[in-house]
>>> print(open('target_2.pdb').read())   # PDB, C-alpha atoms
MODEL        1
ATOM      1  CA  MET T   1     -13.247   4.181  21.521  1.00  0.00           C
ATOM      2  CA  LEU T   2     -12.264   0.517  21.801  1.00  0.00           C
ATOM      3  CA  PRO T   3     -14.336  -0.509  18.751  1.00  0.00           C
ATOM      4  CA  ARG T   4     -12.531   2.148  16.700  1.00  0.00           C
ATOM      5  CA  ILE T   5      -9.161   0.856  17.826  1.00  0.00           C
ATOM      6  CA  VAL T   6     -10.110  -2.728  16.992  1.00  0.00           C
ATOM      7  CA  LEU T   7     -11.502  -1.694  13.588  1.00  0.00           C
ATOM      8  CA  PHE T   8      -8.367   0.302  12.808  1.00  0.00           C
ATOM      9  CA  ALA T   9      -6.126  -2.577  13.878  1.00  0.00           C
ATOM     10  CA  LEU T  10      -8.017  -5.129  11.784  1.00  0.00           C
ATOM     11  CA  LEU T  11      -8.172  -2.966   8.667  1.00  0.00           C
ATOM     12  CA  THR T  12      -4.535  -1.948   8.966  1.00  0.00           C
ATOM     13  CA  ALA T  13      -3.505  -5.569   9.467  1.00  0.00           C
ATOM     14  CA  GLY T  14      -5.419  -6.430   6.302  1.00  0.00           C
ATOM     15  CA  VAL T  15      -3.668  -3.703   4.322  1.00  0.00           C
ATOM     16  CA  TRP T  16      -0.197  -4.743   5.459  1.00  0.00           C
ATOM     17  CA  THR T  17      -0.952  -8.449   5.009  1.00  0.00           C
ATOM     18  CA  ALA T  18      -2.054  -7.773   1.448  1.00  0.00           C
ATOM     19  CA  ASP T  19       1.127  -5.767   0.858  1.00  0.00           C
ATOM     20  CA  ALA T  20       3.315  -8.536   2.251  1.00  0.00           C
ATOM     21  CA  TRP T  21       1.511 -11.118   0.113  1.00  0.00           C
ATOM     22  CA  TYR T  22       1.969  -8.984  -2.998  1.00  0.00           C
ATOM     23  CA  GLN T  23       5.649  -8.326  -2.273  1.00  0.00           C
ATOM     24  CA  ALA T  24       6.395 -11.982  -1.516  1.00  0.00           C
ATOM     25  CA  ARG T  25       4.216 -13.872  -3.980  1.00  0.00           C
ATOM     26  CA  VAL T  26       2.945 -11.789  -6.892  1.00  0.00           C
ATOM     27  CA  GLN T  27       5.609  -9.195  -7.567  1.00  0.00           C
ATOM     28  CA  PRO T  28       8.614 -11.561  -7.856  1.00  0.00           C
ATOM     29  CA  GLN T  29       6.811 -13.760 -10.385  1.00  0.00           C
ATOM     30  CA  GLN T  30       5.803 -10.748 -12.452  1.00  0.00           C
ATOM     31  CA  SER T  31       9.329  -9.333 -12.351  1.00  0.00           C
ATOM     32  CA  ALA T  32      10.870 -12.650 -13.329  1.00  0.00           C
ATOM     33  CA  SER T  33       8.565 -13.206 -16.285  1.00  0.00           C
ATOM     34  CA  LEU T  34       9.060  -9.637 -17.504  1.00  0.00           C
ATOM     35  CA  ALA T  35      12.841  -9.969 -17.136  1.00  0.00           C
ATOM     36  CA  VAL T  36      12.885 -13.177 -19.196  1.00  0.00           C
ATOM     37  CA  ALA T  37      10.688 -11.532 -21.811  1.00  0.00           C
ATOM     38  CA  ALA T  38      13.000  -8.499 -21.916  1.00  0.00           C
ATOM     39  CA  VAL T  39      16.069 -10.694 -22.440  1.00  0.00           C
ATOM     40  CA  ASN T  40      14.404 -12.747 -25.163  1.00  0.00           C
ATOM     41  CA  GLY T  41      12.298  -9.980 -26.684  1.00  0.00           C
ATOM     42  CA  GLY T  42      12.762  -6.571 -28.096  1.00  0.00           C
ATOM     43  CA  ASP T  43      12.515  -2.954 -27.079  1.00  0.00           C
ATOM     44  CA  GLN T  44       8.843  -3.156 -26.108  1.00  0.00           C
ATOM     45  CA  ASP T  45       9.505  -5.983 -23.647  1.00  0.00           C
ATOM     46  CA  ALA T  46      12.384  -4.036 -22.116  1.00  0.00           C
ATOM     47  CA  ALA T  47      10.151  -0.971 -21.832  1.00  0.00           C
ATOM     48  CA  ASN T  48       7.503  -3.091 -20.100  1.00  0.00           C
ATOM     49  CA  LEU T  49      10.107  -4.255 -17.580  1.00  0.00           C
ATOM     50  CA  ARG T  50      11.257  -0.693 -16.871  1.00  0.00           C
ATOM     51  CA  LEU T  51       7.658   0.456 -16.433  1.00  0.00           C
ATOM     52  CA  HIS T  52       6.932  -2.441 -14.086  1.00  0.00           C
ATOM     53  CA  ASP T  53      10.014  -1.632 -12.002  1.00  0.00           C
ATOM     54  CA  ALA T  54       9.067   2.052 -11.790  1.00  0.00           C
ATOM     55  CA  VAL T  55       5.523   1.252 -10.667  1.00  0.00           C
ATOM     56  CA  LYS T  56       6.788  -1.396  -8.246  1.00  0.00           C
ATOM     57  CA  ASP T  57       9.130   1.098  -6.617  1.00  0.00           C
ATOM     58  CA  GLU T  58       6.327   3.623  -6.193  1.00  0.00           C
ATOM     59  CA  PHE T  59       3.850   1.001  -4.929  1.00  0.00           C
ATOM     60  CA  VAL T  60       5.661   0.958  -1.567  1.00  0.00           C
ATOM     61  CA  VAL T  61       3.839   4.184  -0.656  1.00  0.00           C
ATOM     62  CA  VAL T  62       0.334   2.686  -1.039  1.00  0.00           C
ATOM     63  CA  PRO T  63       0.131   0.818   2.305  1.00  0.00           C
ATOM     64  CA  TRP T  64       1.349   3.914   4.160  1.00  0.00           C
ATOM     65  CA  VAL T  65      -1.253   6.128   2.477  1.00  0.00           C
ATOM     66  CA  LEU T  66      -3.983   3.607   3.230  1.00  0.00           C
ATOM     67  CA  THR T  67      -2.864   3.396   6.865  1.00  0.00           C
ATOM     68  CA  VAL T  68      -3.034   7.174   7.260  1.00  0.00           C
ATOM     69  CA  ALA T  69      -6.445   7.254   5.535  1.00  0.00           C
ATOM     70  CA  LEU T  70      -7.750   4.526   7.841  1.00  0.00           C
ATOM     71  CA  PHE T  71      -6.439   6.424  10.859  1.00  0.00           C
ATOM     72  CA  VAL T  72      -8.231   9.578   9.753  1.00  0.00           C
ATOM     73  CA  LEU T  73     -11.447   7.660   9.054  1.00  0.00           C
ATOM     74  CA  CYS T  74     -11.372   5.849  12.381  1.00  0.00           C
ATOM     75  CA  PHE T  75     -10.110   8.611  14.659  1.00  0.00           C
ATOM     76  CA  GLY T  76     -10.613  11.875  12.784  1.00  0.00           C
ATOM     77  CA  SER T  77     -13.872  12.796  14.499  1.00  0.00           C
ATOM     78  CA  VAL T  78     -12.434  11.987  17.922  1.00  0.00           C
ATOM     79  CA  ILE T  79      -9.369  14.145  17.271  1.00  0.00           C
ATOM     80  CA  VAL T  80     -11.475  17.048  15.973  1.00  0.00           C
ATOM     81  CA  ARG T  81     -13.801  16.816  18.991  1.00  0.00           C
ATOM     82  CA  SER T  82     -10.836  16.789  21.373  1.00  0.00           C
ATOM     83  CA  LEU T  83      -9.233  19.770  19.655  1.00  0.00           C
ATOM     84  CA  ARG T  84     -12.494  21.727  19.853  1.00  0.00           C
ATOM     85  CA  GLU T  85     -12.649  21.065  23.601  1.00  0.00           C
ATOM     86  CA  VAL T  86      -9.075  22.261  24.037  1.00  0.00           C
ATOM     87  CA  VAL T  87      -9.614  25.426  21.992  1.00  0.00           C
ATOM     88  CA  HIS T  88     -12.887  26.382  23.658  1.00  0.00           C
TER
ENDMDL
END
>>> encode(input="target_2.pdb", output="structure tokens")
Amino acid sequence: MLPRIVLFALLTAGVWTADAWYQARVQPQQSASLAVAAVNGGDQDAANLRLHDAVKDEFVVVPWVLTVALFVLCFGSVIVRSLREVVH
């Protein structure tokens, strides 16, 4: 069980570290360049900015989904086995 816990902790830490890096480093630069392009450009640049903002707002869900998926992958069989023992 300990190896599963360690694996889950390491993979989850990697997911959330990647999310923090994206939110702190990549996303602000992309937003800034798209905002400047929207101010200086036309309708297509403004549409690109709106699309980027919509995707960015929905991207917050990705680390949570990955965390749940990792939990199921790491502990799903243990949970199912435990539930079978309780039921029988």
>>> resolve_selection(input="target_2.pdb", expression="the PyMOL selection byres ((chain T and resi 17-22) around 12)", output="PDB file with C-alpha atoms, in the frame of the given file")
ATOM      1  CA  ALA T   9      -6.126  -2.577  13.878  1.00  0.00           C
ATOM      2  CA  LEU T  10      -8.017  -5.129  11.784  1.00  0.00           C
ATOM      3  CA  LEU T  11      -8.172  -2.966   8.667  1.00  0.00           C
ATOM      4  CA  THR T  12      -4.535  -1.948   8.966  1.00  0.00           C
ATOM      5  CA  ALA T  13      -3.505  -5.569   9.467  1.00  0.00           C
ATOM      6  CA  GLY T  14      -5.419  -6.430   6.302  1.00  0.00           C
ATOM      7  CA  VAL T  15      -3.668  -3.703   4.322  1.00  0.00           C
ATOM      8  CA  TRP T  16      -0.197  -4.743   5.459  1.00  0.00           C
ATOM      9  CA  GLN T  23       5.649  -8.326  -2.273  1.00  0.00           C
ATOM     10  CA  ALA T  24       6.395 -11.982  -1.516  1.00  0.00           C
ATOM     11  CA  ARG T  25       4.216 -13.872  -3.980  1.00  0.00           C
ATOM     12  CA  VAL T  26       2.945 -11.789  -6.892  1.00  0.00           C
ATOM     13  CA  GLN T  27       5.609  -9.195  -7.567  1.00  0.00           C
ATOM     14  CA  PRO T  28       8.614 -11.561  -7.856  1.00  0.00           C
ATOM     15  CA  GLN T  29       6.811 -13.760 -10.385  1.00  0.00           C
ATOM     16  CA  GLN T  30       5.803 -10.748 -12.452  1.00  0.00           C
ATOM     17  CA  SER T  31       9.329  -9.333 -12.351  1.00  0.00           C
ATOM     18  CA  LYS T  56       6.788  -1.396  -8.246  1.00  0.00           C
ATOM     19  CA  PHE T  59       3.850   1.001  -4.929  1.00  0.00           C
ATOM     20  CA  VAL T  60       5.661   0.958  -1.567  1.00  0.00           C
ATOM     21  CA  VAL T  61       3.839   4.184  -0.656  1.00  0.00           C
ATOM     22  CA  VAL T  62       0.334   2.686  -1.039  1.00  0.00           C
ATOM     23  CA  PRO T  63       0.131   0.818   2.305  1.00  0.00           C
ATOM     24  CA  TRP T  64       1.349   3.914   4.160  1.00  0.00           C
ATOM     25  CA  LEU T  66      -3.983   3.607   3.230  1.00  0.00           C
ATOM     26  CA  THR T  67      -2.864   3.396   6.865  1.00  0.00           C
TER      27      THR T  67
END
>>> residues_around(input="target_2.pdb", residues="Ser33 in chain T", least_positions_apart="4", cutoff="12 Å", atoms="all atoms listed in the file", output="list in words")
Val26, Gln27, Pro28, Gln29, Ala37, Ala38, Val39, Asn40, Gly41, Asp45, Ala46, Asn48, Leu49 and His52 of chain T
>>> atom_distance(input="target_2.pdb", atom1="CA of Phe75 in chain T", atom2="CA of Arg4 in chain T")
7.2 Å
>>> atom_distance(input="target_2.pdb", atom1="CA of Phe71 in chain T", atom2="CA of Ala54 in chain T")
27.8 Å
>>> atom_distance(input="target_2.pdb", atom1="CA of Leu70 in chain T", atom2="CA of Val55 in chain T")
23.0 Å
>>> closest_residue(input="target_2.pdb", among="T:Ala47, T:Ala32, T:Met1, T:Phe8", to="Val72 in chain T", atoms="only C-alpha atoms")
T:Phe8
>>> closest_residue(input="target_2.pdb", among="T:Leu73, T:Val36, T:Leu51, T:Val65", to="Ile5 in chain T", atoms="only C-alpha atoms")
T:Leu73
>>> decode(input="target_2.pdb", residues="chain T", atoms="C-alpha atoms", output="PDB file, in the first residue's frame")
ATOM      1  CA  MET T   1       0.000   0.000   0.000  1.00  0.00           C
ATOM      2  CA  LEU T   2       2.863   2.388   0.762  1.00  0.00           C
ATOM      3  CA  PRO T   3       4.225   2.258  -2.813  1.00  0.00           C
ATOM      4  CA  ARG T   4       0.775   3.232  -4.105  1.00  0.00           C
ATOM      5  CA  ILE T   5       0.615   6.168  -1.728  1.00  0.00           C
ATOM      6  CA  VAL T   6       4.084   7.343  -2.738  1.00  0.00           C
ATOM      7  CA  LEU T   7       3.270   6.944  -6.449  1.00  0.00           C
ATOM      8  CA  PHE T   8       0.014   8.851  -6.036  1.00  0.00           C
ATOM      9  CA  ALA T   9       1.746  11.620  -4.089  1.00  0.00           C
ATOM     10  CA  LEU T  10       4.525  12.001  -6.659  1.00  0.00           C
ATOM     11  CA  LEU T  11       2.211  11.986  -9.669  1.00  0.00           C
ATOM     12  CA  THR T  12      -0.238  14.370  -8.034  1.00  0.00           C
ATOM     13  CA  ALA T  13       2.598  16.698  -7.052  1.00  0.00           C
ATOM     14  CA  GLY T  14       3.729  16.661 -10.677  1.00  0.00           C
ATOM     15  CA  VAL T  15       0.251  17.533 -11.927  1.00  0.00           C
ATOM     16  CA  TRP T  16      -0.175  20.432  -9.510  1.00  0.00           C
ATOM     17  CA  THR T  17       3.374  21.684 -10.087  1.00  0.00           C
ATOM     18  CA  ALA T  18       2.728  21.741 -13.820  1.00  0.00           C
ATOM     19  CA  ASP T  19      -0.529  23.615 -13.213  1.00  0.00           C
ATOM     20  CA  ALA T  20       1.176  26.175 -10.993  1.00  0.00           C
ATOM     21  CA  TRP T  21       3.937  26.656 -13.569  1.00  0.00           C
ATOM     22  CA  TYR T  22       1.383  27.151 -16.338  1.00  0.00           C
ATOM     23  CA  GLN T  23      -0.702  29.584 -14.280  1.00  0.00           C
ATOM     24  CA  ALA T  24       2.327  31.606 -13.169  1.00  0.00           C
ATOM     25  CA  ARG T  25       4.590  31.579 -16.213  1.00  0.00           C
ATOM     26  CA  VAL T  26       2.865  30.620 -19.461  1.00  0.00           C
ATOM     27  CA  GLN T  27      -0.700  31.832 -19.151  1.00  0.00           C
ATOM     28  CA  PRO T  28       0.041  35.469 -18.183  1.00  0.00           C
ATOM     29  CA  GLN T  29       2.404  35.914 -21.133  1.00  0.00           C
ATOM     30  CA  GLN T  30      -0.134  34.441 -23.531  1.00  0.00           C
ATOM     31  CA  SER T  31      -2.915  36.623 -22.134  1.00  0.00           C
ATOM     32  CA  ALA T  32      -0.792  39.751 -22.331  1.00  0.00           C
ATOM     33  CA  SER T  33       0.270  39.182 -25.925  1.00  0.00           C
ATOM     34  CA  LEU T  34      -3.293  38.374 -26.983  1.00  0.00           C
ATOM     35  CA  ALA T  35      -4.598  41.473 -25.181  1.00  0.00           C
ATOM     36  CA  VAL T  36      -2.078  43.717 -26.955  1.00  0.00           C
ATOM     37  CA  ALA T  37      -2.964  42.102 -30.268  1.00  0.00           C
ATOM     38  CA  ALA T  38      -6.681  42.622 -29.582  1.00  0.00           C
ATOM     39  CA  VAL T  39      -6.154  46.316 -28.813  1.00  0.00           C
ATOM     40  CA  ASN T  40      -4.009  46.875 -31.894  1.00  0.00           C
ATOM     41  CA  GLY T  41      -5.769  44.428 -34.201  1.00  0.00           C
ATOM     42  CA  GLY T  42      -9.205  43.738 -35.444  1.00  0.00           C
ATOM     43  CA  ASP T  43     -12.155  41.509 -34.725  1.00  0.00           C
ATOM     44  CA  GLN T  44     -10.226  38.270 -35.230  1.00  0.00           C
ATOM     45  CA  ASP T  45      -7.642  39.236 -32.607  1.00  0.00           C
ATOM     46  CA  ALA T  46     -10.400  40.138 -30.157  1.00  0.00           C
ATOM     47  CA  ALA T  47     -12.100  36.809 -30.857  1.00  0.00           C
ATOM     48  CA  ASN T  48      -8.804  35.016 -30.201  1.00  0.00           C
ATOM     49  CA  LEU T  49      -8.536  36.775 -26.837  1.00  0.00           C
ATOM     50  CA  ARG T  50     -12.093  35.818 -25.864  1.00  0.00           C
ATOM     51  CA  LEU T  51     -11.473  32.205 -26.880  1.00  0.00           C
ATOM     52  CA  HIS T  52      -8.238  32.115 -24.893  1.00  0.00           C
ATOM     53  CA  ASP T  53      -9.994  33.509 -21.815  1.00  0.00           C
ATOM     54  CA  ALA T  54     -12.815  30.967 -22.110  1.00  0.00           C
ATOM     55  CA  VAL T  55     -10.389  28.054 -22.406  1.00  0.00           C
ATOM     56  CA  LYS T  56      -8.234  29.441 -19.594  1.00  0.00           C
ATOM     57  CA  ASP T  57     -11.229  29.619 -17.279  1.00  0.00           C
ATOM     58  CA  GLU T  58     -12.180  26.026 -18.049  1.00  0.00           C
ATOM     59  CA  PHE T  59      -8.583  24.770 -17.743  1.00  0.00           C
ATOM     60  CA  VAL T  60      -8.838  25.068 -13.944  1.00  0.00           C
ATOM     61  CA  VAL T  61     -10.767  21.776 -13.914  1.00  0.00           C
ATOM     62  CA  VAL T  62      -7.962  19.751 -15.559  1.00  0.00           C
ATOM     63  CA  PRO T  63      -5.721  19.258 -12.486  1.00  0.00           C
ATOM     64  CA  TRP T  64      -8.724  18.164 -10.415  1.00  0.00           C
ATOM     65  CA  VAL T  65      -9.799  15.627 -13.042  1.00  0.00           C
ATOM     66  CA  LEU T  66      -6.258  14.299 -13.307  1.00  0.00           C
ATOM     67  CA  THR T  67      -6.020  14.014  -9.516  1.00  0.00           C
ATOM     68  CA  VAL T  68      -9.239  11.997  -9.347  1.00  0.00           C
ATOM     69  CA  ALA T  69      -8.074   9.798 -12.250  1.00  0.00           C
ATOM     70  CA  LEU T  70      -4.742   9.173 -10.528  1.00  0.00           C
ATOM     71  CA  PHE T  71      -6.550   8.293  -7.306  1.00  0.00           C
ATOM     72  CA  VAL T  72      -8.728   5.776  -9.123  1.00  0.00           C
ATOM     73  CA  LEU T  73      -5.725   4.292 -10.935  1.00  0.00           C
ATOM     74  CA  CYS T  74      -3.657   4.004  -7.773  1.00  0.00           C
ATOM     75  CA  PHE T  75      -6.320   2.950  -5.283  1.00  0.00           C
ATOM     76  CA  GLY T  76      -9.274   1.703  -7.318  1.00  0.00           C
ATOM     77  CA  SER T  77      -8.411  -1.980  -7.017  1.00  0.00           C
ATOM     78  CA  VAL T  78      -7.813  -1.655  -3.279  1.00  0.00           C
ATOM     79  CA  ILE T  79     -11.165   0.076  -2.779  1.00  0.00           C
ATOM     80  CA  VAL T  80     -13.011  -2.512  -4.885  1.00  0.00           C
ATOM     81  CA  ARG T  81     -11.340  -5.370  -2.984  1.00  0.00           C
ATOM     82  CA  SER T  82     -12.259  -3.792   0.354  1.00  0.00           C
ATOM     83  CA  LEU T  83     -15.859  -3.250  -0.720  1.00  0.00           C
ATOM     84  CA  ARG T  84     -16.140  -6.875  -1.856  1.00  0.00           C
ATOM     85  CA  GLU T  85     -14.928  -8.027   1.566  1.00  0.00           C
ATOM     86  CA  VAL T  86     -17.486  -5.826   3.298  1.00  0.00           C
ATOM     87  CA  VAL T  87     -20.362  -6.995   1.095  1.00  0.00           C
ATOM     88  CA  HIS T  88     -19.531 -10.690   1.344  1.00  0.00           C
TER      89      HIS T  88
END
